[in-house]
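Text of the file target_5.txt, holding compact mmCIF, C-alpha atoms:
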```txt
# COMPACT_ATOMS: atom_id res chain seq x y z
CA MET A 1303 36.06 4.60 15.02
CA LYS A 1304 34.17 2.15 12.87
CA THR A 1305 30.84 0.49 13.78
CA THR A 1306 28.53 -1.96 12.09
CA VAL A 1307 24.74 -1.85 11.72
CA ASP A 1308 23.27 -5.23 10.78
CA ALA A 1309 19.84 -4.53 9.31
CA ARG A 1310 19.57 -7.69 7.26
CA GLY A 1311 16.03 -9.10 7.19
CA LEU A 1312 14.56 -5.86 8.49
CA SER A 1313 12.26 -3.80 6.32
CA CYS A 1314 11.56 -0.09 6.05
CA PRO A 1315 11.95 2.01 8.08
CA GLN A 1316 14.07 -0.07 10.50
CA PRO A 1317 17.39 0.01 8.58
CA VAL A 1318 17.15 3.80 8.28
CA LEU A 1319 16.19 4.22 11.95
CA MET A 1320 19.16 2.09 13.04
CA THR A 1321 21.59 3.94 10.77
CA LEU A 1322 20.38 7.37 11.90
CA ASP A 1323 20.62 6.26 15.54
CA GLU A 1324 24.25 5.39 14.96
CA ILE A 1325 24.87 8.72 13.18
CA LYS A 1326 23.21 10.60 16.04
CA LYS A 1327 25.43 8.92 18.64
CA ASN A 1328 28.25 10.75 16.92
CA THR A 1329 30.89 8.29 18.13
CA ALA A 1330 31.82 6.74 14.80
CA ASP A 1331 33.22 8.35 11.68
CA GLU A 1332 32.69 5.22 9.63
CA ILE A 1333 29.60 2.98 9.64
CA LEU A 1334 29.23 -0.32 7.84
CA VAL A 1335 25.54 -1.03 7.15
CA LEU A 1336 24.40 -4.50 6.10
CA VAL A 1337 21.04 -4.77 4.32
CA ASP A 1338 19.48 -7.34 2.01
CA THR A 1339 17.00 -5.51 -0.20
CA ASP A 1340 17.52 -2.86 -2.86
CA ALA A 1341 14.87 -0.66 -1.28
CA SER A 1342 16.79 -0.64 2.02
CA LYS A 1343 20.05 0.06 0.19
CA GLU A 1344 18.51 3.11 -1.49
CA ASN A 1345 16.75 4.33 1.66
CA VAL A 1346 19.84 4.08 3.87
CA SER A 1347 21.99 5.82 1.23
CA ARG A 1348 19.45 8.62 0.85
CA ALA A 1349 19.11 9.09 4.62
CA ALA A 1350 22.88 9.10 5.21
CA GLN A 1351 23.47 11.64 2.43
CA SER A 1352 20.74 13.90 3.84
CA ARG A 1353 22.69 13.95 7.14
CA GLY A 1354 25.88 14.97 5.36
CA TRP A 1355 27.44 11.53 5.22
CA GLN A 1356 28.96 9.95 2.14
CA VAL A 1357 28.31 6.51 0.73
CA ALA A 1358 31.94 5.58 0.08
CA ARG A 1359 31.39 2.11 -1.33
CA ILE A 1360 28.65 -0.46 -1.88
CA THR A 1361 29.57 -4.09 -2.39
CA GLU A 1362 27.35 -7.15 -2.74
CA GLU A 1363 28.01 -10.66 -1.56
CA ASP A 1364 25.67 -13.58 -0.77
CA ASP A 1365 22.48 -11.50 -1.05
CA THR A 1366 23.89 -8.89 1.34
CA TYR A 1367 24.70 -5.30 0.46
CA ARG A 1368 27.57 -3.79 2.44
CA LEU A 1369 27.27 -0.01 2.56
CA GLU A 1370 30.35 1.82 3.78
CA LEU A 1371 29.31 5.21 5.10
CA LYS A 1372 31.81 7.92 5.90
CA LYS A 1373 31.32 11.15 7.78
CA GLY A 1374 31.24 14.00 5.22
CA MET B 502 23.29 0.58 -12.57
CA LYS B 503 21.45 3.56 -11.17
CA ASN B 504 17.75 3.09 -10.54
CA LEU B 505 16.24 6.14 -12.27
CA PHE B 506 12.81 5.52 -10.76
CA ALA B 507 14.26 5.86 -7.26
CA THR B 508 15.47 9.43 -7.90
CA ARG B 509 13.47 12.51 -6.93
CA TRP B 510 12.24 13.04 -10.50
CA GLY B 511 11.63 9.32 -10.82
CA ILE B 512 9.19 9.18 -7.91
CA ILE B 513 7.51 12.41 -9.03
CA GLY B 514 7.07 10.95 -12.51
CA VAL B 515 5.58 7.76 -11.08
CA GLY B 516 3.14 9.73 -8.89
CA ALA B 517 2.15 11.92 -11.84
CA PHE B 518 1.61 8.88 -14.09
CA ILE B 519 -0.57 7.17 -11.48
CA GLY B 520 -2.56 10.39 -10.97
CA VAL B 521 -3.29 10.82 -14.69
CA ILE B 522 -4.04 7.16 -15.37
CA ALA B 523 -6.25 6.76 -12.27
CA ALA B 524 -8.40 9.73 -13.30
CA LEU B 525 -8.58 8.32 -16.83
CA LEU B 526 -9.64 4.90 -15.52
CA GLN B 527 -12.67 6.67 -14.06
CA TYR B 528 -13.29 8.24 -17.45
CA TRP B 529 -13.02 4.77 -19.01
CA GLY B 530 -15.54 3.21 -16.65
CA ASN B 531 -14.24 2.75 -13.10
CA PRO B 532 -16.42 4.19 -10.28
CA GLY B 533 -16.27 7.89 -9.35
CA ASN B 534 -13.04 8.98 -7.64
CA MET B 535 -12.11 5.29 -7.64
CA GLY B 536 -9.83 4.99 -10.65
CA ILE B 537 -7.64 2.98 -8.33
CA CYS B 538 -8.52 2.02 -4.77
CA VAL B 539 -6.51 -0.89 -3.50
CA ALA B 540 -8.80 -1.53 -0.52
CA CYS B 541 -12.02 -1.22 -2.56
CA PHE B 542 -10.65 -3.38 -5.36
CA VAL B 543 -9.47 -6.14 -3.03
CA ARG B 544 -12.91 -5.94 -1.41
CA ASP B 545 -14.53 -6.29 -4.88
CA ILE B 546 -12.34 -9.35 -5.56
CA THR B 547 -13.46 -10.82 -2.22
CA GLY B 548 -17.04 -10.35 -3.41
CA ALA B 549 -16.34 -11.82 -6.86
CA LEU B 550 -15.10 -14.96 -5.11
CA GLY B 551 -18.25 -15.10 -2.98
CA LEU B 552 -16.42 -14.63 0.33
CA HIS B 553 -18.88 -11.83 1.08
CA ARG B 554 -22.21 -11.37 -0.65
CA ALA B 555 -22.66 -7.62 -0.86
CA GLY B 556 -24.24 -7.58 -4.33
CA VAL B 557 -23.03 -4.12 -5.36
CA VAL B 558 -19.30 -4.77 -4.87
CA GLN B 559 -18.44 -7.95 -6.77
CA TYR B 560 -15.85 -7.78 -9.52
CA LEU B 561 -12.49 -9.50 -9.92
CA ARG B 562 -10.55 -6.27 -10.50
CA PRO B 563 -7.75 -6.87 -13.05
CA GLU B 564 -5.82 -3.82 -11.81
CA ILE B 565 -4.90 -5.72 -8.61
CA ILE B 566 -3.73 -8.74 -10.61
CA GLY B 567 -1.65 -6.36 -12.74
CA PHE B 568 -0.06 -4.78 -9.66
CA VAL B 569 1.30 -8.15 -8.52
CA MET B 570 2.38 -9.33 -11.97
CA GLY B 571 3.91 -5.99 -13.02
CA SER B 572 5.95 -5.94 -9.85
CA LEU B 573 7.01 -9.55 -10.42
CA VAL B 574 8.23 -8.74 -13.95
CA ALA B 575 10.21 -5.71 -12.72
CA ALA B 576 11.71 -7.71 -9.85
CA LEU B 577 12.76 -10.53 -12.20
CA ILE B 578 14.29 -8.19 -14.80
CA PHE B 579 16.26 -6.22 -12.22
CA LYS B 580 17.18 -9.26 -10.14
CA GLU B 581 15.22 -8.16 -7.07
CA PHE B 582 12.96 -11.20 -6.82
CA ARG B 583 13.82 -12.44 -3.34
CA PRO B 584 11.48 -14.99 -1.73
CA ARG B 585 11.41 -14.19 1.96
CA GLY B 586 9.18 -14.23 5.00
CA GLY B 587 8.75 -15.31 8.59
CA SER B 588 8.45 -11.88 10.19
CA ALA B 589 5.39 -12.25 12.46
CA PRO B 590 2.95 -13.48 9.78
CA ILE B 591 -0.11 -13.74 12.05
CA ILE B 592 0.39 -10.13 13.19
CA ARG B 593 0.58 -9.02 9.55
CA PHE B 594 -2.64 -10.91 8.84
CA LEU B 595 -4.40 -9.04 11.66
CA LEU B 596 -3.00 -5.69 10.53
CA GLY B 597 -4.20 -6.38 6.98
CA ALA B 598 -7.69 -7.26 8.22
CA PHE B 599 -8.06 -4.19 10.43
CA ALA B 600 -6.48 -1.88 7.85
CA MET B 601 -9.18 -3.05 5.44
CA ILE B 602 -11.96 -2.57 8.00
CA GLY B 603 -10.74 0.97 8.78
CA ALA B 604 -10.52 1.78 5.07
CA LEU B 605 -14.06 0.51 4.49
CA VAL B 606 -15.42 2.71 7.30
CA PHE B 607 -13.95 5.68 5.39
CA LEU B 608 -14.69 4.07 2.00
CA GLY B 609 -11.25 4.09 0.49
CA CYS B 610 -7.57 3.38 1.01
CA PRO B 611 -4.97 6.21 0.97
CA TRP B 612 -4.84 6.02 -2.84
CA ARG B 613 -8.56 6.68 -3.06
CA ALA B 614 -8.45 9.34 -0.33
CA MET B 615 -6.12 11.29 -2.62
CA LEU B 616 -8.20 10.63 -5.71
CA ARG B 617 -11.32 11.73 -3.83
CA LEU B 618 -9.58 14.97 -2.88
CA ALA B 619 -8.44 15.46 -6.49
CA GLY B 620 -12.04 14.96 -7.61
CA GLY B 621 -13.41 17.61 -5.24
CA ASP B 622 -14.85 15.26 -2.60
CA TRP B 623 -14.11 17.32 0.50
CA ASN B 624 -15.11 14.40 2.77
CA ALA B 625 -11.64 13.12 1.93
CA VAL B 626 -10.12 15.91 4.05
CA PRO B 627 -11.10 14.42 7.44
CA GLY B 628 -10.07 11.04 6.03
CA LEU B 629 -6.60 12.30 5.14
CA ILE B 630 -6.26 14.04 8.52
CA GLY B 631 -7.15 10.72 10.15
CA LEU B 632 -4.65 8.90 7.94
CA VAL B 633 -1.80 11.22 8.94
CA ALA B 634 -2.83 10.94 12.62
CA GLY B 635 -2.81 7.12 12.41
CA ILE B 636 0.61 7.12 10.74
CA TRP B 637 1.89 9.59 13.36
CA ILE B 638 0.81 7.17 16.13
CA GLY B 639 2.63 4.43 14.21
CA THR B 640 5.84 6.46 14.15
CA ARG B 641 5.66 6.84 17.96
CA PHE B 642 5.63 3.05 18.26
CA LEU B 643 8.52 2.80 15.78
CA LYS B 644 10.53 5.31 17.81
CA ASN B 645 9.94 3.21 20.91
CA GLY B 646 11.41 0.11 19.35
CA TYR B 647 8.35 -1.47 17.71
CA ASN B 648 9.58 -4.11 15.32
CA LEU B 649 8.06 -7.24 13.74
CA GLY B 650 11.39 -9.03 13.58
CA ARG B 651 13.65 -10.13 10.76
CA THR B 652 12.58 -11.94 7.62
CA HIS B 653 14.41 -15.01 6.39
CA LYS B 654 15.28 -16.18 2.95
CA PHE B 655 12.73 -18.70 1.61
CA PRO B 656 12.99 -21.28 -1.16
CA ALA B 657 11.97 -19.84 -4.54
CA GLY B 658 8.59 -21.61 -4.58
CA ALA B 659 7.25 -19.55 -1.68
CA GLY B 660 7.76 -16.31 -3.59
CA TRP B 661 5.75 -17.59 -6.54
CA ILE B 662 2.55 -18.23 -4.57
CA MET B 663 1.06 -14.73 -4.89
CA PRO B 664 1.91 -14.43 -8.60
CA ALA B 665 0.34 -17.90 -9.05
CA PHE B 666 -2.84 -16.71 -7.29
CA ALA B 667 -2.88 -13.64 -9.55
CA CYS B 668 -2.50 -15.76 -12.70
CA GLY B 669 -5.16 -18.19 -11.51
CA PHE B 670 -7.63 -15.39 -10.87
CA PHE B 671 -6.91 -13.87 -14.28
CA LEU B 672 -7.67 -17.24 -15.90
CA LEU B 673 -10.99 -17.35 -13.99
CA LEU B 674 -11.84 -13.92 -15.43
CA LEU B 675 -11.20 -15.22 -18.95
CA ILE B 676 -13.02 -18.54 -18.43
CA TYR B 677 -16.04 -16.99 -16.68
CA PRO B 678 -16.59 -13.54 -18.19
CA GLN B 679 -19.59 -11.46 -17.15
CA VAL B 680 -22.86 -12.55 -18.78
CA GLU B 681 -25.20 -9.67 -19.64
CA GLY B 682 -27.90 -9.30 -16.95
CA LYS B 683 -26.58 -12.17 -14.80
CA ASP B 684 -24.90 -11.78 -11.40
CA GLN B 685 -23.03 -15.07 -11.65
CA SER B 686 -20.81 -16.65 -14.28
CA GLY B 687 -19.39 -20.04 -13.37
CA VAL B 688 -17.70 -19.67 -9.99
CA LEU B 689 -17.45 -15.87 -10.15
CA PHE B 690 -19.95 -13.31 -8.90
CA TYR B 691 -20.60 -10.01 -10.68
CA SER B 692 -22.52 -6.85 -9.77
CA LEU B 693 -25.52 -5.72 -11.81
CA LYS B 694 -25.53 -2.27 -10.18
CA GLY B 695 -23.39 -0.18 -7.84
CA PRO B 696 -19.62 0.36 -7.98
CA GLY B 697 -18.97 -3.33 -8.70
CA ALA B 698 -20.83 -2.92 -12.00
CA MET B 699 -18.63 -0.01 -13.06
CA HIS B 700 -15.32 -0.87 -14.61
CA ALA B 701 -12.99 0.03 -17.44
CA PRO B 702 -12.55 -2.60 -20.21
CA LEU B 703 -10.66 -5.71 -19.06
CA LEU B 704 -7.71 -5.15 -21.39
CA VAL B 705 -7.29 -1.51 -20.35
CA SER B 706 -7.45 -2.31 -16.63
CA THR B 707 -4.97 -5.15 -17.01
CA ILE B 708 -2.40 -3.12 -18.95
CA VAL B 709 -2.68 -0.18 -16.56
CA GLY B 710 -2.29 -2.52 -13.59
CA LEU B 711 0.83 -4.10 -15.09
CA LEU B 712 2.40 -0.71 -15.87
CA ILE B 713 1.75 0.65 -12.39
CA GLY B 714 2.98 -2.58 -10.79
CA PHE B 715 6.22 -2.29 -12.77
CA ILE B 716 7.03 1.36 -12.05
CA ALA B 717 5.86 1.16 -8.43
CA GLN B 718 8.20 -1.77 -7.78
CA ARG B 719 11.09 0.20 -9.24
CA SER B 720 10.28 3.43 -7.40
CA ARG B 721 9.08 1.89 -4.06
CA PHE B 722 6.01 4.15 -4.33
CA CYS B 723 4.11 4.06 -1.01
CA THR B 724 1.30 6.33 0.16
CA MET B 725 1.88 5.48 3.85
CA GLY B 726 5.67 5.73 3.65
CA ALA B 727 5.23 9.21 2.18
CA PHE B 728 3.82 10.57 5.43
CA ARG B 729 5.84 8.26 7.70
CA ASP B 730 9.19 9.36 6.26
CA LEU B 731 8.11 12.99 6.44
CA ILE B 732 7.18 12.67 10.13
CA LEU B 733 10.01 10.34 11.15
CA PHE B 734 12.94 11.59 9.06
CA LYS B 735 11.68 14.91 7.64
CA GLN B 736 12.33 13.34 4.26
CA ILE B 737 10.15 14.41 1.32
CA HIS B 738 11.18 11.77 -1.23
CA LEU B 739 8.06 9.55 -1.22
CA PHE B 740 5.90 12.53 -0.22
CA SER B 741 6.78 14.30 -3.49
CA GLY B 742 5.36 11.26 -5.31
CA VAL B 743 1.94 11.44 -3.63
CA ILE B 744 1.75 15.23 -4.09
CA ALA B 745 2.40 14.67 -7.80
CA LEU B 746 -0.37 12.05 -7.81
CA ILE B 747 -2.90 14.49 -6.32
CA ILE B 748 -1.93 17.41 -8.59
CA PHE B 749 -1.94 15.38 -11.79
CA ALA B 750 -5.19 13.58 -10.94
CA PHE B 751 -6.73 17.01 -10.23
CA ILE B 752 -5.55 18.43 -13.58
CA THR B 753 -6.79 15.35 -15.46
CA ASN B 754 -10.15 15.59 -13.68
CA LEU B 755 -10.44 19.21 -14.80
CA VAL B 756 -9.62 18.29 -18.39
CA VAL B 757 -12.14 15.43 -18.64
CA LYS B 758 -14.72 17.38 -16.55
CA GLN B 759 -14.73 15.05 -13.55
CA PHE B 760 -14.06 17.70 -10.90
CA HIS B 761 -17.20 18.22 -8.79
CA PRO B 762 -16.39 20.04 -5.53
CA GLY B 763 -18.61 19.57 -2.48
CA PHE B 764 -19.52 17.40 0.49
CA ALA B 765 -22.94 16.01 -0.37
CA GLY B 766 -23.73 13.46 -3.06
CA GLN B 767 -20.12 12.44 -3.76
CA PRO B 768 -19.68 9.02 -5.40
CA VAL B 769 -19.26 6.10 -2.95
CA ALA B 770 -18.77 8.41 0.04
CA HIS B 771 -20.59 9.47 3.20
CA THR B 772 -20.49 12.75 5.13
CA MET B 773 -19.93 11.52 8.71
CA HIS B 774 -16.69 13.42 9.24
CA VAL B 775 -15.73 11.92 12.59
CA TRP B 776 -15.99 8.40 11.20
CA ASN B 777 -14.23 9.31 7.98
CA ALA B 778 -11.34 10.42 10.18
CA LEU B 779 -11.42 7.58 12.72
CA GLY B 780 -11.68 4.89 10.04
CA MET B 781 -8.49 6.25 8.49
CA VAL B 782 -6.74 6.59 11.86
CA LEU B 783 -7.19 2.82 12.17
CA ALA B 784 -6.10 2.16 8.58
CA GLY B 785 -3.10 4.52 8.80
CA LEU B 786 -1.90 2.99 12.05
CA ALA B 787 -2.25 -0.55 10.70
CA PHE B 788 -0.36 0.35 7.48
CA ALA B 789 2.38 2.04 9.50
CA LEU B 790 2.78 -0.97 11.81
CA ALA B 791 2.88 -3.28 8.76
CA GLY B 792 5.44 -1.10 6.94
CA GLY B 793 3.48 -0.24 3.81
CA CYS B 794 0.24 1.00 2.27
CA PRO B 795 -1.99 -1.63 0.61
CA GLY B 796 -0.49 -0.89 -2.80
CA ARG B 797 3.05 -1.32 -1.54
CA GLN B 798 2.04 -4.63 0.10
CA LEU B 799 0.86 -5.89 -3.31
CA PHE B 800 4.08 -4.76 -5.01
CA LEU B 801 6.18 -6.41 -2.29
CA SER B 802 4.16 -9.63 -2.59
CA GLY B 803 5.02 -9.60 -6.32
CA GLU B 804 8.75 -9.46 -5.58
CA GLY B 805 8.59 -12.49 -3.29
CA ASP B 806 7.79 -11.01 0.13
CA THR B 807 5.45 -13.61 1.64
CA ASP B 808 4.82 -11.46 4.74
CA ALA B 809 3.31 -8.80 2.49
CA ALA B 810 1.29 -11.58 0.83
CA ILE B 811 -0.10 -12.55 4.26
CA PHE B 812 -1.08 -8.89 4.79
CA VAL B 813 -2.99 -8.97 1.48
CA ILE B 814 -4.79 -12.18 2.47
CA GLY B 815 -5.59 -10.45 5.78
CA MET B 816 -7.17 -7.64 3.74
CA VAL B 817 -9.36 -10.21 1.95
CA ALA B 818 -10.46 -11.64 5.32
CA GLY B 819 -11.07 -8.11 6.64
CA ALA B 820 -13.23 -7.28 3.62
CA ALA B 821 -15.29 -10.45 4.11
CA PHE B 822 -15.87 -9.62 7.79
CA ALA B 823 -16.57 -5.97 6.97
CA HIS B 824 -19.46 -6.84 4.68
CA ASN B 825 -20.74 -9.98 6.42
CA PHE B 826 -20.81 -8.29 9.85
CA GLY B 827 -22.08 -4.87 8.76
CA LEU B 828 -18.84 -3.03 9.56
CA ALA B 829 -18.41 -1.33 6.18
CA SER B 830 -19.94 2.06 5.50
CA SER B 831 -22.27 2.91 2.63
CA PRO B 832 -23.19 6.29 1.09
CA THR B 833 -25.85 6.61 3.82
CA GLY B 834 -23.27 6.41 6.63
CA ILE B 835 -21.35 3.93 8.74
CA GLY B 836 -22.51 0.33 9.08
CA PRO B 837 -24.44 -0.93 12.14
CA HIS B 838 -21.26 -2.29 13.76
CA GLY B 839 -18.68 0.04 12.23
CA LEU B 840 -18.20 1.86 15.51
CA ALA B 841 -17.42 -1.33 17.45
CA ALA B 842 -15.04 -2.50 14.71
CA VAL B 843 -13.00 0.72 14.77
CA VAL B 844 -12.71 0.66 18.58
CA ILE B 845 -11.66 -3.01 18.60
CA GLY B 846 -9.25 -2.42 15.72
CA LEU B 847 -7.54 0.51 17.44
CA ALA B 848 -7.23 -1.56 20.65
CA VAL B 849 -5.69 -4.50 18.77
CA CYS B 850 -3.23 -2.19 16.97
CA ALA B 851 -2.26 -0.58 20.29
CA VAL B 852 -1.57 -3.99 21.86
CA ILE B 853 0.52 -4.95 18.82
CA GLY B 854 2.36 -1.62 18.93
CA PHE B 855 3.21 -1.91 22.60
CA THR B 856 4.12 -5.60 22.69
CA MET B 857 6.00 -6.32 19.45
CA LYS B 858 9.62 -5.52 20.18
CA GLN B 859 12.43 -7.75 19.01
CA LYS B 860 16.10 -7.56 18.38
```
Rewrite the structure of this file - the entire thing - as structure tokens.
Amino acid sequence: MKTTVDARGLSCPQPVLMTLDEIKKNTADEILVLVDTDASKENVSRAAQSRGWQVARITEEDDTYRLELKKG
Amino acid sequence: MKNLFATRWGIIGVGAFIGVIAALLQYWGNPGNMGICVACFVRDITGALGLHRAGVVQYLRPEIIGFVMGSLVAALIFKEFRPRGGSAPIIRFLLGAFAMIGALVFLGCPWRAMLRLAGGDWNAVPGLIGLVAGIWIGTRFLKNGYNLGRTHKFPAGAGWIMPAFACGFFLLLLIYPQVEGKDQSGVLFYSLKGPGAMHAPLLVSTIVGLLIGFIAQRSRFCTMGAFRDLILFKQIHLFSGVIALIIFAFITNLVVKQFHPGFAGQPVAHTMHVWNALGMVLAGLAFALAGGCPGRQLFLSGEGDTDAAIFVIGMVAGAAFAHNFGLASSPTGIGPHGLAAVVIGLAVCAVIGFTMKQK
């Protein structure tokens, strides 16, 4: 299953908290995280990798980073 | 392109650089164990502008100007300058004010708490314990859904306001330099004695400020986030940066013979352990609720975050109140109303922590 976490406009540590909440639920094997700062992009990637997830792809459009996370 | 500063070795390098350079700033003229203290320096700027009139802490610290401008330059080069704001500004103002008041009860922000430890001032230990306790309380609120709401994209002009302030203040420093033996030069106030009279040469302070602003923007260095991420996510990324800061400041202090271990007679410090701790509980909680230490707020304001800018202006207001109302401590102990200020500050932070929840 695929879910989306929209953390645009939120600053540290909210995007990470929301992503980890989704990972903890353990219902999705693919999470799309939307953030709008580079710091959030790095923090979410780091947190996901530390939980054994992979950052499959990062794309940027209209000031939004789309992080595609996949279960490792 | 990979951001090298955001790697493990990147953040350790940044912490080490700040540790060495902060200790050297003391060697070059800044006050003892105060190579860099964001709270103290913002307080000194408040005094230089005459918003409080504590004669011993008046100097328009160029390091702070450099922090904002260095971050701006890094953000522009790497296309991270994003004017934004609108996330509970009045709350951020209050948090900035009470963070400053808490820091001035302890006599230092987290940066200085670490530099004090690295210089052998053991009074920093209760301060750091208080800081971690305050941040821990903050993480409880975060876990329960505390949230100041989303920011919105702003027109470019809004993001340039803090850098414009910084440039304007730098011009004032050049137009009205200190006059030997005088406590006033044009519109600016200067200190004739005390920590405000101790500073590294203008050019040195400015360059160091710019360099730190640049690398801190790239690395997201944050002394509050270090402990918050450790408590909340068991993540040691930012924490490794502050450990590097302490170790390298300690080594530099040994080399230039600035390490003087003890409790009594430490520079710009008092020995009331309970208040050293409680002041930092207040500061740590306010930083955690605002999402960044005072340094990080300056770096964010340089990259266009107007909410962080409001926090900084709150710190200026807090510093003015702290000295006008007798809330700030001195080497003899806490101020006449320091106790009341800490209690009120903790109550205000608790109300903010419990009530601010938004989708």
Check: Just how far from atom CA of Val709 of chain B is atom CA of Trp510 of chain B, in Å to one decimal?
Finding: 20.8 Å
Contact table chain B vs chain A, cut-off 10 Å, shortest pair per residue, all atoms listed in the file, as a Markdown table:
```
| residue | atom | partner | partner_atom | distance |
| --- | --- | --- | --- | --- |
| B:Asn504 | CA | A:Glu1344 | CA | 9.1 |
| B:Ala507 | CA | A:Glu1344 | CA | 7.7 |
| B:Thr508 | CA | A:Glu1344 | CA | 9.5 |
| B:Lys580 | CA | A:Asp1340 | CA | 9.7 |
| B:Glu581 | CA | A:Asp1340 | CA | 7.1 |
| B:Phe582 | CA | A:Thr1339 | CA | 9.6 |
| B:Arg583 | CA | A:Thr1339 | CA | 8.2 |
| B:Arg585 | CA | A:Gly1311 | CA | 8.6 |
| B:Gly586 | CA | A:Gly1311 | CA | 8.8 |
| B:Gly587 | CA | A:Gly1311 | CA | 9.7 |
| B:Ser588 | CA | A:Gly1311 | CA | 8.6 |
| B:Thr640 | CA | A:Pro1315 | CA | 9.7 |
| B:Leu643 | CA | A:Gln1316 | CA | 8.2 |
| B:Lys644 | CA | A:Leu1319 | CA | 8.2 |
| B:Gly646 | CA | A:Gln1316 | CA | 9.2 |
| B:Tyr647 | CA | A:Gln1316 | CA | 9.3 |
| B:Asn648 | CA | A:Gln1316 | CA | 7.7 |
| B:Leu649 | CA | A:Leu1312 | CA | 8.5 |
| B:Gly650 | CA | A:Leu1312 | CA | 6.8 |
| B:Arg651 | CA | A:Gly1311 | CA | 4.4 |
| B:Thr652 | CA | A:Gly1311 | CA | 4.5 |
| B:His653 | CA | A:Gly1311 | CA | 6.2 |
| B:Lys654 | CA | A:Gly1311 | CA | 8.3 |
| B:Gln718 | CA | A:Ala1341 | CA | 9.4 |
| B:Arg719 | CA | A:Ala1341 | CA | 8.9 |
| B:Ser720 | CA | A:Ala1341 | CA | 8.7 |
| B:Arg721 | CA | A:Ala1341 | CA | 6.9 |
| B:Gly726 | CA | A:Pro1315 | CA | 8.5 |
| B:Arg729 | CA | A:Pro1315 | CA | 8.7 |
| B:Asp730 | CA | A:Pro1315 | CA | 8.1 |
| B:Leu733 | CA | A:Leu1319 | CA | 8.7 |
| B:Phe734 | CA | A:Ala1349 | CA | 8.0 |
| B:Lys735 | CA | A:Ser1352 | CA | 9.9 |
| B:Gln736 | CA | A:Ala1349 | CA | 8.0 |
| B:His738 | CA | A:Arg1348 | CA | 9.1 |
| B:Ala789 | CA | A:Pro1315 | CA | 9.7 |
| B:Ala791 | CA | A:Cys1314 | CA | 9.6 |
| B:Gly792 | CA | A:Cys1314 | CA | 6.3 |
| B:Gly793 | CA | A:Cys1314 | CA | 8.4 |
```
Notebook entry, point to check: A:Arg1359, A:Tyr1367, A:Lys1373, A:Ser1342: which is nearest Glu1324 of chain A, counting all atoms listed in the file?
Noted result: A:Lys1373
Margin query: Which residues are near segment 546-556 of chain B? Cut-off 7 Å, all atoms listed in the file, ignore same chain within fewer than 5 positions. Put them as a list in words.
Written below: Leu561, Arg562, Leu689, Phe690, Tyr691, Ser692, Val817, Ala820, Ala821, His824 and Asn825 of chain B
Identify the residues around (26.2, -2.1, 3.1) within a radius of 10 Å, measuring from all atoms listed in the file in the coordinates stated by the file, and give them as a compact mmCIF listing (two decimals) with C-alpha atoms, in the frame of the given file.
```
# COMPACT_ATOMS: atom_id res chain seq x y z
CA THR A 1306 28.53 -1.96 12.09
CA VAL A 1307 24.74 -1.85 11.72
CA ASP A 1308 23.27 -5.23 10.78
CA ALA A 1309 19.84 -4.53 9.31
CA ARG A 1310 19.57 -7.69 7.26
CA ILE A 1333 29.60 2.98 9.64
CA LEU A 1334 29.23 -0.32 7.84
CA VAL A 1335 25.54 -1.03 7.15
CA LEU A 1336 24.40 -4.50 6.10
CA VAL A 1337 21.04 -4.77 4.32
CA ASP A 1338 19.48 -7.34 2.01
CA SER A 1342 16.79 -0.64 2.02
CA LYS A 1343 20.05 0.06 0.19
CA VAL A 1346 19.84 4.08 3.87
CA SER A 1347 21.99 5.82 1.23
CA VAL A 1357 28.31 6.51 0.73
CA ARG A 1359 31.39 2.11 -1.33
CA ILE A 1360 28.65 -0.46 -1.88
CA THR A 1361 29.57 -4.09 -2.39
CA GLU A 1362 27.35 -7.15 -2.74
CA GLU A 1363 28.01 -10.66 -1.56
CA THR A 1366 23.89 -8.89 1.34
CA TYR A 1367 24.70 -5.30 0.46
CA ARG A 1368 27.57 -3.79 2.44
CA LEU A 1369 27.27 -0.01 2.56
CA GLU A 1370 30.35 1.82 3.78
CA LEU A 1371 29.31 5.21 5.10
```
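Between atom CA of Leu618 of chain B and atom CA of Phe764 of chain B the separation is 10.8 Å.
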Note to self: Report as a list in words all protein, DNA and RNA residues lying within 7 Å of segment 751-753 of chain B, evaluated on only C-alpha atoms, omitting residues in the same chain fewer than 4 positions from it.
What the structure shows: Val521, Ala524, Ala619, Gly620, Ile747 and Val757 of chain B
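Using all atoms listed in the file for every distance, the candidate list A:Gln1356, A:Thr1329, A:Thr1321, A:Gln1351 yields A:Thr1329 as the residue closest to Lys1304 of chain A.
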Margin query: Quick check, in Å to one decimal: how far apart do atom CA of Gly697 of chain B and atom CA of Gly597 of chain B lie?
Written below: 21.8 Å
Next item on the list: Excluding Cys668 of chain B and residues on its chain fewer than 2 positions from it, collect all residues at most 12 Å away from it, counting all atoms listed in the file, and give them as a list of chain:residue names.
Entry: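 So the residues in contact are B:Pro563, B:Ile565, B:Ile566, B:Gly567, B:Phe568, B:Val569, B:Met570, B:Gly571, B:Leu573, B:Trp661, B:Ile662, B:Met663, B:Pro664, B:Ala665, B:Phe666, B:Phe670, B:Phe671, B:Leu672, B:Leu673, B:Leu674, B:Leu675, B:Thr707, B:Gly803.
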To test the calculation: enclose all listed atoms of segment 1334-1339 of chain A in a box whose edges run along x, y and z, add 3 Å on each side, then state centre and edge lengths in Å to one decimal, as lines of an AutoDock Vina configuration file.
```
center_x = 23.1
center_y = -3.8
center_z = 3.8
size_x = 18.2
size_y = 13.0
size_z = 14.0
```
Item checked: All residues 6 Å or closer to Lys1372 of chain A, only C-alpha atoms, same chain fewer than 6 positions away omitted, as a list of chain:residue names ->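 Non-adjacent residues within range: A:Asp1331, A:Glu1332, A:Trp1355, A:Gln1356.
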